[in-house]
Amino acid sequence: MFSFIVRRIGSSIPTMLILILISFALMRLAPGSPFSSDRGLPPEVLANLELKYGLNLPWFEQLFVYLKGIIFDFDFGPSFKYTDKSVNDILAQGFPVTLTYGIWSFVAAVAVGLPLGIVAAVRHNTKLDYAAVGFSIGAQVLPNFVMAPILVIIFTLWLNWLPGGGWNGGQWQYVVMPILALSTSYMASIARITRSSMLEVLHANFIRTAKAKGVPMRNIILRHALKPALLPVISYLGPAFVYMITGSVIIDIYFSTGGMGQFFVDAALNRDYSLLMGVTIVFGVMTIVFNTLVDITYAWLDPKIRL
Amino acid sequence: MLVNKKKMAALIDSNAEQGQVKGRSQWQDAMRRFKGNKASLISVFVLAAMTLFAFLGPLLSPWDHETIDWELIGNAAEMGAPQFANGHFFGTDDLGRDMYSRVLQGTQISLMVGFVGTLVAVTVGVLYGAIAGYFGGAVDNVMMRFVDILMSIPYMFILIILFVMFGRSVYILFIGLGLFSWMDMARIVRGQTLTLKHKEFIEAAVMAGVSDFKIIVRHIVPNLLGIVVVYMSLMIPSLILLESFISFLGLGIQEPLTSWGALISDGASTIQYGTLWQLAFPLGFFVTGLFCFFFIGDGLRDAFDPKDR
């Protein structure tokens with residue numbers, strides 16, 4: 001197990017480097033610079049700007065400086081557009097917000113989806129099962145960008161219960177709708193995957209043996225069925241995490257929560273390449289770390305993987 | 001020996017009849033099972049109707065998707081509601097453009113993104129997976145490692161950076177989406193190829209001196225088609241979702257063209273003025289379309305893999 005963990009972590013490091021390389025290469029290849037405008041700057045001003053941001057150096061030196069900054073100081077350099085801020089400042093400002101509702105959405109998706117799937121499988125072909133299946137089919141077509149306006153129509157415009165946007169330091173009224181919008185479709189996916197894998201496990205021979213021995217149903221599910229049934233769910237958590245991170249962009253834009261997504265889209269529209277790279281790399285590294293954790297959990301649950 | 005001619009004739013006849021009973025191929029079997037699935041079958045018809053409507057419907061409207069109705073501009077909330085009198089069957093958007101034409105135009109783009117993107121992704125994925133699986137060994141190792149790395153990157157961000165950098169024409173959208181979604185396909189195809197390549201007919205082809213490329217294209221790929229079709233049907237809606245996502249952010253399709261995501265985004269930004277039809281019509285098309293695709297996908301999966309039900 002230990003050697004598996006070491007190997008898995010070892011293999012995620014080149015992935016991170018490749019991620020940084022790809023974003024760096026994209027930025028280098030990008031036509032036009034963040035300083036090119038319709039009016040056109042005088043060449044000496046442009047030269048000064050390039051000197052300030054180190055853009056006059058050959059590309060490998062730029063890459064070296066950039067990599068060194070990230071690895072040793074966790075420094076993503078200055079933002080091209082917000083001249084008084086560094087990329088780090090912006091990350092520090094937006095990241096806690098994204099993380100707050102992101103973690104809650106993830107917890108909500110798992111905490112609702114998992115039990116729902118298990119119950120639906122145990123009560124197979126009852127009304128409860130049909131309700132769960134109906135929910136998971138329906139929520140497939142309700143991704144975050146569809147849920148968000150629907151929630152606002154219901155809770156803000158009709159019922160007038162919750163504010164339609166803003167963050168306000170993370171008061172609960174402001175956090176509820178982002179969490180609901182972000183988690184619903186993944187809740188449904190988790191419920192669907194749990195249900196089908198649980199059903200398969202419940203039909204396995206060892207469960208029949210346990211039933212024949214007279215083990216109570218509760219123990220069968222918790223002690224025998226749950227662990228193997230969880231495997232497909234856990235391997236879905238990695239992609240779900242990626243989708244949620246990308247989904248947070250929608251949430252930030254629609255609810256004006258002031259998280260990373262807002263800055264990412266602004267940076268994309270303003271061609272603020274250093275900020276764009278910073279956000280991409282941070283999200284990418286988070287994803288890679290999370291995937292590593294998922295793989296380790298998976299190996300812990302399923303010894304066959306550890307080879 | 002007395003030969004009963006009548007009996008013999010009957011025997012020959014019945015033999016001839018039996019000769020005409022054909023074996024059913026995997027495809028015929030699958031199609032038969034698919035037709036037994038009501039939800040999927042209805043979805044096929046609904047989707048076909050929607051596609052026809054998207055491409056022929058604009059002929060019925062006096063408005064096109066970019067002309068502004070100057071009589072309504074600035075007053076869309078009160079006068080832009082759906083009505084037949086002025087030809088705005090679905091009402092108008094905030095700028096006074098006809099929603100009916102825009103929704104149908106958006107439907108065209110969204111459907112096309114789904115199909116073209118899937119075609120790109122499947123072509124790349126099938127060839128990549130088949131090559132990795134067929135050659136095996138170090139080639140396989142390197143190629144699949146690369147896929148692993150690509151899959152653990154949140155490529156949505158890279159995709160958006162690409163759109164920002166290289167402009168956002170429809171073609172870049174189609175190809176870009178496809179080029180970022182072939183990895184799953186490649187994995188599945190590789191797994192299938194690994195089991196296929198030790199079958200006798202491949203060995204026979206190798207012995208007959210058929211070139212590697214030809215074996216992959218003529219013998220391996222056709223045998224993968226079942227699983228590819230199932231996967232394609234699930235990929236179309238996911239690409240439509242992806243495109244809608246990017247267009248919702250305003251980073252995808254560009255005006256005056258539009259798509260489901262862009263329309264939902266426009267509609268969602270004006271709900272506080274009570275112009276709900278601007279959201280309801282695109283949302284209705286989006287939800288119906290995706291439902292159909294998901295049902296067809298499920299139906300195809302059950303049809304090609306009956307044990308999985």
# chains A, B, ... in the order shown; residues from 1 in each chain; ligands from 1

call {"tool": "interface_residues", "arguments": {"of": "chain A", "to": "chain B", "cutoff": "7 Å", "atoms": "only C-alpha atoms", "output": "PyMOL selection string"}}
result
chain A and resi 15+19+30-31+141+149+242+246+250+268+280+284+287-288

call {"tool": "residues_around", "arguments": {"residues": "A:Met277", "least_positions_apart": "4", "cutoff": "7 Å", "atoms": "only C-alpha atoms", "output": "ChimeraX atom specification"}}
result
/A:23,273,281

call {"tool": "write_last_selection", "arguments": {"atoms": "N, CA and C atoms", "output": "tab-separated table (two decimals), in the first residue's frame"}}
result
chain	number	residue	atom	x	y	z
A	23	SER	N	-0.06	25.31	-20.42
A	23	SER	CA	-0.59	26.67	-20.29
A	23	SER	C	0.46	27.70	-20.70
A	273	TYR	N	-3.28	37.16	-19.71
A	273	TYR	CA	-2.80	35.78	-19.79
A	273	TYR	C	-2.21	35.27	-18.49
A	281	ILE	N	-3.77	26.83	-13.67
A	281	ILE	CA	-2.80	25.96	-13.00
A	281	ILE	C	-3.29	25.60	-11.60

call {"tool": "closest_residue", "arguments": {"among": "A:Val176, A:Leu301, A:Gly278, A:Glu44", "to": "A:Ser86", "atoms": "only C-alpha atoms"}}
result
A:Gly278

call {"tool": "residues_around", "arguments": {"residues": "B:Leu173", "least_positions_apart": "6", "cutoff": "8 Å", "atoms": "only C-alpha atoms", "output": "PDB file with N, CA and C atoms, in the first residue's frame"}}
result
ATOM      1  N   VAL B 113     -23.220  21.119 -33.301  1.00  0.00           N
ATOM      2  CA  VAL B 113     -22.061  20.978 -32.413  1.00  0.00           C
ATOM      3  C   VAL B 113     -22.002  19.555 -31.883  1.00  0.00           C
ATOM      4  N   PHE B 163     -10.155  29.253 -27.246  1.00  0.00           N
ATOM      5  CA  PHE B 163     -11.163  30.059 -27.930  1.00  0.00           C
ATOM      6  C   PHE B 163     -10.793  31.530 -27.877  1.00  0.00           C
ATOM      7  N   GLU B 243     -20.893  22.706 -24.874  1.00  0.00           N
ATOM      8  CA  GLU B 243     -20.984  23.926 -25.691  1.00  0.00           C
ATOM      9  C   GLU B 243     -21.914  24.926 -25.013  1.00  0.00           C
ATOM     10  N   GLY B 252     -18.427  31.257 -25.918  1.00  0.00           N
ATOM     11  CA  GLY B 252     -18.567  30.281 -26.992  1.00  0.00           C
ATOM     12  C   GLY B 252     -18.998  30.923 -28.289  1.00  0.00           C
ATOM     13  N   ILE B 253     -20.186  30.570 -28.739  1.00  0.00           N
ATOM     14  CA  ILE B 253     -20.697  31.029 -30.025  1.00  0.00           C
ATOM     15  C   ILE B 253     -20.834  32.551 -30.022  1.00  0.00           C
TER      16      ILE B 253
END

call {"tool": "residues_around", "arguments": {"residues": "A:Ala240", "least_positions_apart": "5", "cutoff": "9 Å", "atoms": "only C-alpha atoms", "output": "PyMOL selection string"}}
result
chain A and resi 106+186+189-190+245

call {"tool": "atom_distance", "arguments": {"atom1": "atom CA of B:Arg301", "atom2": "atom CA of A:Pro232"}}
result
18.1 Å

call {"tool": "select_by_dssp", "arguments": {"residues": "stretch 7-245 of chain A", "states": "helix (DSSP H, G or I)", "output": "VMD selection string"}}
result
chain A and resid 7 to 29 43 to 53 59 to 73 87 to 122 127 to 140 144 to 158 168 to 170 172 to 202 205 to 213 217 to 245

call {"tool": "decode", "arguments": {"residues": "stretch 180-194 of chain B", "atoms": "all heavy atoms", "output": "mmCIF file, in the first residue's frame"}}
result
data_model
loop_
_atom_site.group_PDB
_atom_site.id
_atom_site.type_symbol
_atom_site.label_atom_id
_atom_site.label_comp_id
_atom_site.auth_asym_id
_atom_site.auth_seq_id
_atom_site.Cartn_x
_atom_site.Cartn_y
_atom_site.Cartn_z
ATOM 1 N N PHE B 180 -11.239 17.729 -27.524
ATOM 2 C CA PHE B 180 -11.019 17.615 -26.094
ATOM 3 C C PHE B 180 -11.893 16.540 -25.466
ATOM 4 O O PHE B 180 -11.998 16.458 -24.260
ATOM 5 C CB PHE B 180 -11.260 18.957 -25.411
ATOM 6 C CG PHE B 180 -10.055 19.832 -25.470
ATOM 7 C CD1 PHE B 180 -9.815 20.621 -26.579
ATOM 8 C CD2 PHE B 180 -9.132 19.829 -24.445
ATOM 9 C CE1 PHE B 180 -8.692 21.414 -26.647
ATOM 10 C CE2 PHE B 180 -8.010 20.609 -24.510
ATOM 11 C CZ PHE B 180 -7.781 21.405 -25.610
ATOM 12 N N SER B 181 -12.552 15.726 -26.269
ATOM 13 C CA SER B 181 -13.432 14.730 -25.654
ATOM 14 C C SER B 181 -13.202 13.323 -26.180
ATOM 15 O O SER B 181 -14.060 12.479 -26.017
ATOM 16 C CB SER B 181 -14.897 15.111 -25.845
ATOM 17 O OG SER B 181 -15.034 16.350 -26.441
ATOM 18 N N TRP B 182 -12.060 13.070 -26.805
ATOM 19 C CA TRP B 182 -11.882 11.742 -27.391
ATOM 20 C C TRP B 182 -11.240 10.753 -26.433
ATOM 21 O O TRP B 182 -11.130 9.571 -26.734
ATOM 22 C CB TRP B 182 -11.008 11.843 -28.646
ATOM 23 C CG TRP B 182 -9.699 12.518 -28.428
ATOM 24 C CD1 TRP B 182 -9.456 13.843 -28.559
ATOM 25 C CD2 TRP B 182 -8.478 11.925 -27.993
ATOM 26 N NE1 TRP B 182 -8.161 14.117 -28.240
ATOM 27 C CE2 TRP B 182 -7.522 12.957 -27.891
ATOM 28 C CE3 TRP B 182 -8.094 10.621 -27.697
ATOM 29 C CZ2 TRP B 182 -6.224 12.732 -27.490
ATOM 30 C CZ3 TRP B 182 -6.791 10.399 -27.298
ATOM 31 C CH2 TRP B 182 -5.865 11.453 -27.190
ATOM 32 N N MET B 183 -10.834 11.219 -25.244
ATOM 33 C CA MET B 183 -10.004 10.364 -24.393
ATOM 34 C C MET B 183 -10.752 9.140 -23.860
ATOM 35 O O MET B 183 -10.206 8.036 -23.859
ATOM 36 C CB MET B 183 -9.426 11.173 -23.236
ATOM 37 C CG MET B 183 -8.296 12.082 -23.646
ATOM 38 S SD MET B 183 -8.893 13.675 -24.202
ATOM 39 C CE MET B 183 -9.144 14.521 -22.663
ATOM 40 N N ASP B 184 -12.004 9.353 -23.438
ATOM 41 C CA ASP B 184 -12.799 8.210 -22.955
ATOM 42 C C ASP B 184 -12.957 7.164 -24.047
ATOM 43 O O ASP B 184 -12.812 5.965 -23.827
ATOM 44 C CB ASP B 184 -14.182 8.683 -22.522
ATOM 45 C CG ASP B 184 -14.160 9.284 -21.142
ATOM 46 O OD1 ASP B 184 -13.410 8.757 -20.307
ATOM 47 O OD2 ASP B 184 -14.867 10.267 -20.922
ATOM 48 N N MET B 185 -13.286 7.691 -25.235
ATOM 49 C CA MET B 185 -13.473 6.806 -26.387
ATOM 50 C C MET B 185 -12.210 5.975 -26.628
ATOM 51 O O MET B 185 -12.269 4.765 -26.824
ATOM 52 C CB MET B 185 -13.757 7.684 -27.606
ATOM 53 C CG MET B 185 -14.188 6.964 -28.834
ATOM 54 S SD MET B 185 -15.902 6.500 -28.724
ATOM 55 C CE MET B 185 -15.761 4.748 -28.777
ATOM 56 N N ALA B 186 -11.058 6.645 -26.582
ATOM 57 C CA ALA B 186 -9.792 5.948 -26.840
ATOM 58 C C ALA B 186 -9.589 4.826 -25.827
ATOM 59 O O ALA B 186 -9.174 3.718 -26.183
ATOM 60 C CB ALA B 186 -8.636 6.940 -26.782
ATOM 61 N N ARG B 187 -9.918 5.091 -24.569
ATOM 62 C CA ARG B 187 -9.748 4.065 -23.536
ATOM 63 C C ARG B 187 -10.619 2.851 -23.793
ATOM 64 O O ARG B 187 -10.158 1.708 -23.721
ATOM 65 C CB ARG B 187 -10.131 4.641 -22.175
ATOM 66 C CG ARG B 187 -9.016 5.331 -21.510
ATOM 67 C CD ARG B 187 -9.407 5.623 -20.098
ATOM 68 N NE ARG B 187 -8.273 6.150 -19.374
ATOM 69 C CZ ARG B 187 -8.337 6.596 -18.135
ATOM 70 N NH1 ARG B 187 -9.491 6.563 -17.517
ATOM 71 N NH2 ARG B 187 -7.272 7.046 -17.542
ATOM 72 N N ILE B 188 -11.881 3.108 -24.093
ATOM 73 C CA ILE B 188 -12.807 1.996 -24.315
ATOM 74 C C ILE B 188 -12.372 1.179 -25.519
ATOM 75 O O ILE B 188 -12.319 -0.053 -25.478
ATOM 76 C CB ILE B 188 -14.242 2.533 -24.510
ATOM 77 C CG1 ILE B 188 -14.718 3.178 -23.217
ATOM 78 C CG2 ILE B 188 -15.171 1.430 -24.929
ATOM 79 C CD1 ILE B 188 -15.976 3.958 -23.363
ATOM 80 N N VAL B 189 -12.038 1.881 -26.606
ATOM 81 C CA VAL B 189 -11.656 1.184 -27.830
ATOM 82 C C VAL B 189 -10.387 0.363 -27.617
ATOM 83 O O VAL B 189 -10.273 -0.762 -28.087
ATOM 84 C CB VAL B 189 -11.466 2.203 -28.976
ATOM 85 C CG1 VAL B 189 -10.733 1.591 -30.140
ATOM 86 C CG2 VAL B 189 -12.811 2.722 -29.419
ATOM 87 N N ARG B 190 -9.443 0.926 -26.866
ATOM 88 C CA ARG B 190 -8.214 0.176 -26.596
ATOM 89 C C ARG B 190 -8.536 -1.134 -25.881
ATOM 90 O O ARG B 190 -8.040 -2.204 -26.261
ATOM 91 C CB ARG B 190 -7.274 1.007 -25.745
ATOM 92 C CG ARG B 190 -6.110 0.194 -25.242
ATOM 93 C CD ARG B 190 -5.273 0.978 -24.260
ATOM 94 N NE ARG B 190 -4.321 0.097 -23.610
ATOM 95 C CZ ARG B 190 -4.529 -0.492 -22.441
ATOM 96 N NH1 ARG B 190 -5.670 -0.303 -21.805
ATOM 97 N NH2 ARG B 190 -3.624 -1.273 -21.918
ATOM 98 N N GLY B 191 -9.378 -1.061 -24.873
ATOM 99 C CA GLY B 191 -9.737 -2.271 -24.134
ATOM 100 C C GLY B 191 -10.339 -3.326 -25.048
ATOM 101 O O GLY B 191 -9.978 -4.509 -24.992
ATOM 102 N N GLN B 192 -11.247 -2.881 -25.925
ATOM 103 C CA GLN B 192 -11.895 -3.815 -26.844
ATOM 104 C C GLN B 192 -10.886 -4.405 -27.836
ATOM 105 O O GLN B 192 -10.931 -5.580 -28.161
ATOM 106 C CB GLN B 192 -13.004 -3.102 -27.620
ATOM 107 C CG GLN B 192 -14.182 -2.730 -26.772
ATOM 108 C CD GLN B 192 -14.985 -3.955 -26.380
ATOM 109 O OE1 GLN B 192 -15.330 -4.765 -27.228
ATOM 110 N NE2 GLN B 192 -15.243 -4.123 -25.099
ATOM 111 N N THR B 193 -9.996 -3.533 -28.309
ATOM 112 C CA THR B 193 -9.008 -3.995 -29.284
ATOM 113 C C THR B 193 -8.108 -5.061 -28.681
ATOM 114 O O THR B 193 -7.743 -6.036 -29.340
ATOM 115 C CB THR B 193 -8.146 -2.808 -29.769
ATOM 116 O OG1 THR B 193 -9.022 -1.769 -30.171
ATOM 117 C CG2 THR B 193 -7.266 -3.218 -30.919
ATOM 118 N N LEU B 194 -7.758 -4.877 -27.408
ATOM 119 C CA LEU B 194 -6.903 -5.866 -26.752
ATOM 120 C C LEU B 194 -7.533 -7.247 -26.796
ATOM 121 O O LEU B 194 -6.850 -8.256 -27.010
ATOM 122 C CB LEU B 194 -6.653 -5.457 -25.298
ATOM 123 C CG LEU B 194 -5.628 -4.360 -25.076
ATOM 124 C CD1 LEU B 194 -5.483 -4.068 -23.603
ATOM 125 C CD2 LEU B 194 -4.293 -4.751 -25.673
#
